[in-house]
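Engineer: Just one file: data-v2.txt, with compact mmCIF, C-alpha atoms.
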```txt
# COMPACT_ATOMS: atom_id res chain seq x y z
CA MET K 8 27.50 -5.28 -4.92
CA THR K 9 26.86 -3.61 -1.60
CA LEU K 10 23.92 -4.51 0.56
CA PRO K 11 20.95 -2.38 -0.63
CA PHE K 12 19.68 0.27 1.78
CA ALA K 13 16.21 -1.27 1.80
CA TYR K 14 17.68 -4.40 3.39
CA GLN K 15 20.17 -2.60 5.62
CA ASN K 16 17.54 -0.37 7.22
CA PRO K 17 14.07 -1.77 6.56
CA THR K 18 12.62 -0.51 9.83
CA LEU K 19 13.87 3.02 9.21
CA GLN K 20 12.42 2.97 5.72
CA PHE K 21 9.14 1.59 7.07
CA GLU K 22 8.96 4.22 9.82
CA ARG K 23 9.40 6.96 7.22
CA PHE K 24 6.62 5.46 5.12
CA MET K 25 4.27 5.20 8.11
CA VAL K 26 4.86 8.84 9.04
CA ASP K 27 4.12 9.79 5.43
CA ALA K 28 0.93 7.71 5.39
CA ARG K 29 -0.16 9.20 8.73
CA ASP K 30 0.43 12.74 7.48
CA CYS K 31 -1.21 12.15 4.10
CA ALA K 32 -4.33 10.85 5.85
CA GLY K 33 -4.34 13.62 8.48
CA LEU K 34 -4.19 11.11 11.31
CA PRO K 35 -2.55 12.06 14.62
CA THR K 36 -0.51 8.85 15.15
CA THR K 37 1.16 6.10 13.16
CA ASN K 38 -0.74 3.64 15.36
CA MET K 39 -3.96 5.01 13.87
CA ALA K 40 -2.45 4.80 10.38
CA TRP K 41 -1.46 1.15 10.83
CA ASN K 42 -4.88 -0.43 10.16
CA MET K 43 -5.46 1.95 7.28
CA VAL K 44 -2.19 0.92 5.61
CA VAL K 45 -2.84 -2.79 6.18
CA GLY K 46 -6.39 -2.36 4.91
CA VAL K 47 -5.33 -0.54 1.74
CA LEU K 48 -2.67 -3.14 0.93
CA HIS K 49 -4.94 -6.11 1.63
CA ALA K 50 -7.96 -4.63 -0.17
CA PHE K 51 -5.79 -4.28 -3.27
CA ARG K 52 -4.35 -7.78 -2.91
CA TRP K 53 -7.86 -9.23 -2.65
CA ARG K 54 -8.49 -7.97 -6.19
CA LEU K 55 -5.52 -9.69 -7.79
CA THR K 56 -4.63 -13.20 -8.83
CA VAL K 57 -1.64 -14.77 -7.08
CA PRO K 58 0.77 -14.05 -9.98
CA GLN K 59 -0.47 -10.44 -10.23
CA ALA K 60 -0.08 -9.92 -6.49
CA LEU K 61 3.44 -11.33 -6.52
CA SER K 62 4.48 -9.02 -9.35
CA PHE K 63 3.09 -6.05 -7.39
CA ALA K 64 4.78 -7.19 -4.16
CA ALA K 65 8.12 -7.28 -5.97
CA VAL K 66 8.16 -3.47 -6.32
CA LEU K 67 7.37 -2.79 -2.65
CA PRO K 68 9.99 -2.09 0.01
CA PRO K 69 10.62 -5.18 2.20
CA MET K 70 8.44 -4.25 5.19
CA LEU K 71 5.51 -3.20 2.99
CA ARG K 72 5.96 -6.37 0.94
CA ALA K 73 5.65 -8.36 4.17
CA LEU K 74 2.45 -6.52 5.12
CA PHE K 75 1.05 -7.00 1.64
CA ILE K 76 1.40 -10.77 1.79
CA GLU K 77 0.68 -11.38 5.49
CA ASP K 78 -2.29 -13.63 6.32
CA TRP K 79 -2.83 -14.38 2.64
CA ASP K 80 -5.44 -17.03 1.85
CA LEU K 81 -4.11 -18.35 -1.44
CA GLU K 82 -7.32 -20.31 -2.02
CA GLN K 83 -9.46 -17.16 -2.10
CA SER K 84 -10.31 -16.06 -5.63
CA ALA K 85 -9.80 -12.46 -6.72
CA ARG K 86 -12.64 -10.06 -5.98
CA PRO K 87 -14.00 -7.73 -8.63
CA PHE K 88 -12.25 -4.37 -8.54
CA GLY K 89 -15.47 -2.46 -8.03
CA GLU K 90 -15.38 1.23 -7.23
CA ALA K 91 -13.78 3.49 -4.63
CA ALA K 92 -16.64 2.92 -2.18
CA ASP K 93 -16.03 -0.85 -2.34
CA TRP K 94 -12.31 -0.34 -1.72
CA LEU K 95 -12.97 1.89 1.28
CA ALA K 96 -15.43 -0.60 2.77
CA ASP K 97 -12.79 -3.32 2.48
CA VAL K 98 -10.11 -1.06 3.96
CA ARG K 99 -12.35 -0.26 6.91
CA SER K 100 -13.21 -3.94 7.42
CA VAL K 101 -9.66 -4.65 8.59
CA ARG K 102 -9.73 -4.64 12.40
CA HIS K 103 -12.86 -2.50 12.06
CA ARG K 104 -13.13 -1.62 15.77
CA HIS K 105 -9.72 0.05 15.65
CA ASN K 106 -9.75 1.35 12.10
CA PHE K 107 -9.55 5.11 11.65
CA ALA K 108 -9.28 5.12 7.84
CA PRO K 109 -10.57 8.44 6.49
CA PRO K 110 -12.68 8.63 3.33
CA ASP K 111 -9.53 9.27 1.26
CA ALA K 112 -7.57 6.38 2.82
CA VAL K 113 -6.68 4.70 -0.47
CA ALA K 114 -5.46 7.95 -2.06
CA SER K 115 -3.57 8.83 1.13
CA VAL K 116 -1.70 5.53 1.19
CA ALA K 117 -1.16 5.75 -2.58
CA THR K 118 0.41 9.18 -2.18
CA ALA K 119 2.74 7.97 0.57
CA LEU K 120 3.58 4.72 -1.20
CA ARG K 121 4.55 6.42 -4.43
CA ARG K 122 7.13 8.43 -2.48
CA HIS K 123 8.80 5.22 -1.31
CA VAL K 124 8.98 3.07 -4.43
CA ASP K 125 10.83 3.24 -7.70
CA ALA K 126 8.37 5.20 -9.86
CA GLN K 127 9.26 3.49 -13.13
CA ALA K 128 9.07 -0.02 -11.68
CA PHE K 129 5.78 0.84 -9.97
CA GLU K 130 4.20 2.15 -13.18
CA ARG K 131 5.54 -0.82 -15.15
CA VAL K 132 3.91 -3.31 -12.80
CA LEU K 133 0.62 -1.35 -12.74
CA ALA K 134 0.59 -1.37 -16.56
CA ASN K 135 0.59 -5.18 -16.46
CA LEU K 136 -2.30 -5.40 -13.99
CA PRO K 137 -6.01 -4.83 -14.67
CA PRO K 138 -6.75 -1.20 -15.68
CA GLN K 139 -8.48 -0.54 -12.36
CA ALA K 140 -5.16 -1.09 -10.55
CA SER K 141 -3.87 2.26 -11.80
CA ARG K 142 -7.07 3.93 -10.57
CA TYR K 143 -6.63 2.30 -7.16
CA TRP K 144 -3.13 3.73 -6.77
CA GLN K 145 -3.94 7.30 -7.83
CA PRO K 146 -2.36 9.74 -5.39
CA LYS K 147 -4.08 12.74 -3.90
CA VAL K 148 -4.30 15.62 -6.35
CA ALA K 149 -2.37 18.15 -4.29
CA SER K 150 0.67 16.10 -3.27
CA ALA K 151 3.43 18.15 -1.66
CA GLU K 152 6.31 16.10 -3.13
CA PRO K 153 7.05 14.75 -6.59
CA LEU K 154 6.05 11.14 -7.19
CA GLY K 155 8.71 8.47 -7.04
CA GLN K 156 11.05 10.40 -4.77
CA GLN K 157 12.38 8.02 -2.18
CA GLN K 158 12.86 9.51 1.24
CA LEU K 159 15.90 7.59 2.34
```
Would you kindly transcribe this structure into structure tokens?
Structural biologist:
Amino acid sequence: MTLPFAYQNPTLQFERFMVDARDCAGLPTTNMAWNMVVGVLHAFRWRLTVPQALSFAAVLPPMLRALFIEDWDLEQSARPFGEAADWLADVRSVRHRHNFAPPDAVASVATALRRHVDAQAFERVLANLPPQASRYWQPKVASAEPLGQQQL
């Protein structure tokens, strides 16, 4: 088997994702998108058990997987899923002085993420998580590209 692209060029793949996330959120720079992306990933992780989070991480590209698990306090118990306002508050709590997450931050990152993962694997893992997980990862309604299309 040849070395998979995701491991040959993880920084290129990550750069493409960050540009997508930036554009989906209407932010001017990927630097501004950084805290939003970290916040969306961590806010979701905070709502999962360790086994659930690991199954979700397994479908992420390598660099996003690393962000998803960075600074993880394994002793912290899962938070209730709550509603979109709770998610946004948690997203904005990440490096809050430098966080430019727009009101649709979760949907913006969801839209970008779905373009960079295997759609079937992503849906399969979401189906095995709490029902609110699928709500969390709902893309924006008017997405310009089909879901699950990797931009490699």
Engineer: For Arg142 (chain K), find every residue with an atom within 12 Å (counting all atoms listed in the file), except residues of its own chain fewer than 2 positions away, and show them as a ChimeraX atom specification.
Structural biologist: /K:51,88-91,94,113-114,117,130,133-134,136-140,144-147
Engineer: Which of these residues is nearest to Trp79 (chain K), using all atoms listed in the file: K:Arg29, K:Arg23, K:His49, K:His105?
Structural biologist: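 Of K:Arg29, K:Arg23, K:His49, K:His105, the one nearest Trp79 (chain K), counting all atoms listed in the file, is K:His49.
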Engineer: Identify which of the residues K:Ala40, K:Ala92, K:Leu61, K:Ala128 lies closest to Phe107 (chain K), counting only C-alpha atoms when measuring atom-to-atom distances.
Structural biologist: K:Ala40
Engineer: Compile the contact shell of Ala50 (chain K) as a list in words: residues with an atom at most 10 Å away, counting only C-alpha atoms, same-chain residues fewer than 3 positions apart removed.
Structural biologist: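 Neighbouring residues, sequence-local ones excluded: Val44, Val45, Gly46, Val47, Trp53, Arg54, Leu55, Phe75, Arg86, Phe88, Asp93, Trp94, Leu95, Ala96, Asp97, Val98, Arg99, Ser100, Val101, Val113 and Tyr143 of chain K.
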Engineer: Find the residues near Phe24 (chain K): any atom within 8 Å, counting all atoms listed in the file, skip ones fewer than 3 places away on the same chain, and give them as an MDAnalysis selection string.
Structural biologist: chainID K and resid 20:21 27:28 119:120 123
Engineer: For Asp30 (chain K), which of K:Val116, K:Pro110, K:Asn16, K:Val66 is the closest residue, counting only C-alpha atoms?
Structural biologist: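 Looking only at the distances to Asp30 (chain K), the closest residue turns out to be K:Val116.
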Engineer: Nearest to Glu82 (chain K) among K:Thr56, K:Gln127, K:Thr18, K:Asn38, with distances taken over all atoms listed in the file: which residue is it?
Structural biologist: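 Residue with the minimum atom-to-atom distance to Glu82 (chain K): K:Thr56.
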Engineer: Given 8 Å of margin on each side, can you work out the centre and size in Å (one decimal) of an axis-aligned box holding every listed atom of region 66-76 of chain K, as lines of an AutoDock Vina configuration file?
Structural biologist:
```
center_x = 5.8
center_y = -6.4
center_z = -0.6
size_x = 25.6
size_y = 24.7
size_z = 27.5
```
Engineer: Could you tell me how far CA of Leu71 (chain K) lies from CA of Leu48 (chain K), in Å and to one decimal?
Structural biologist: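 Separating CA of Leu71 (chain K) from CA of Leu48 (chain K) is a distance of 8.4 Å.
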Engineer: How many Å separate CA of Asn135 (chain K) from CA of Ser62 (chain K)?
Structural biologist: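 So the two atoms, CA of Asn135 (chain K) and CA of Ser62 (chain K), lie 9.0 Å apart.
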Engineer: Just to confirm, what's the straight-line distance from CA of Ala60 (chain K) to CA of Ala108 (chain K) in Å (one decimal)?
Structural biologist: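 That distance, rounded to one decimal, is 22.7 Å.
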Engineer: Rank K:Leu19, K:Met8, K:Val132, K:Ala126 by their smallest atom-to-atom distance to Met70 (chain K), using all atoms listed in the file, and report the top residue only.
Structural biologist: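 Closest candidate: K:Leu19.
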Engineer: Show which residues sit within 9 Å of Pro17 (chain K), as a short mmCIF file (atom, residue, chain, number, x, y, z; two decimals) with C-alpha atoms, in the coordinates of the input. Count all atoms listed in the file, and ignore same-chain residues fewer than 5 positions away.
Structural biologist:
```cif
data_model
loop_
_atom_site.label_atom_id
_atom_site.label_comp_id
_atom_site.auth_asym_id
_atom_site.auth_seq_id
_atom_site.Cartn_x
_atom_site.Cartn_y
_atom_site.Cartn_z
CA PHE K 12 19.68 0.27 1.78
CA GLU K 22 8.96 4.22 9.82
CA PRO K 68 9.99 -2.09 0.01
CA PRO K 69 10.62 -5.18 2.20
CA MET K 70 8.44 -4.25 5.19
#
```
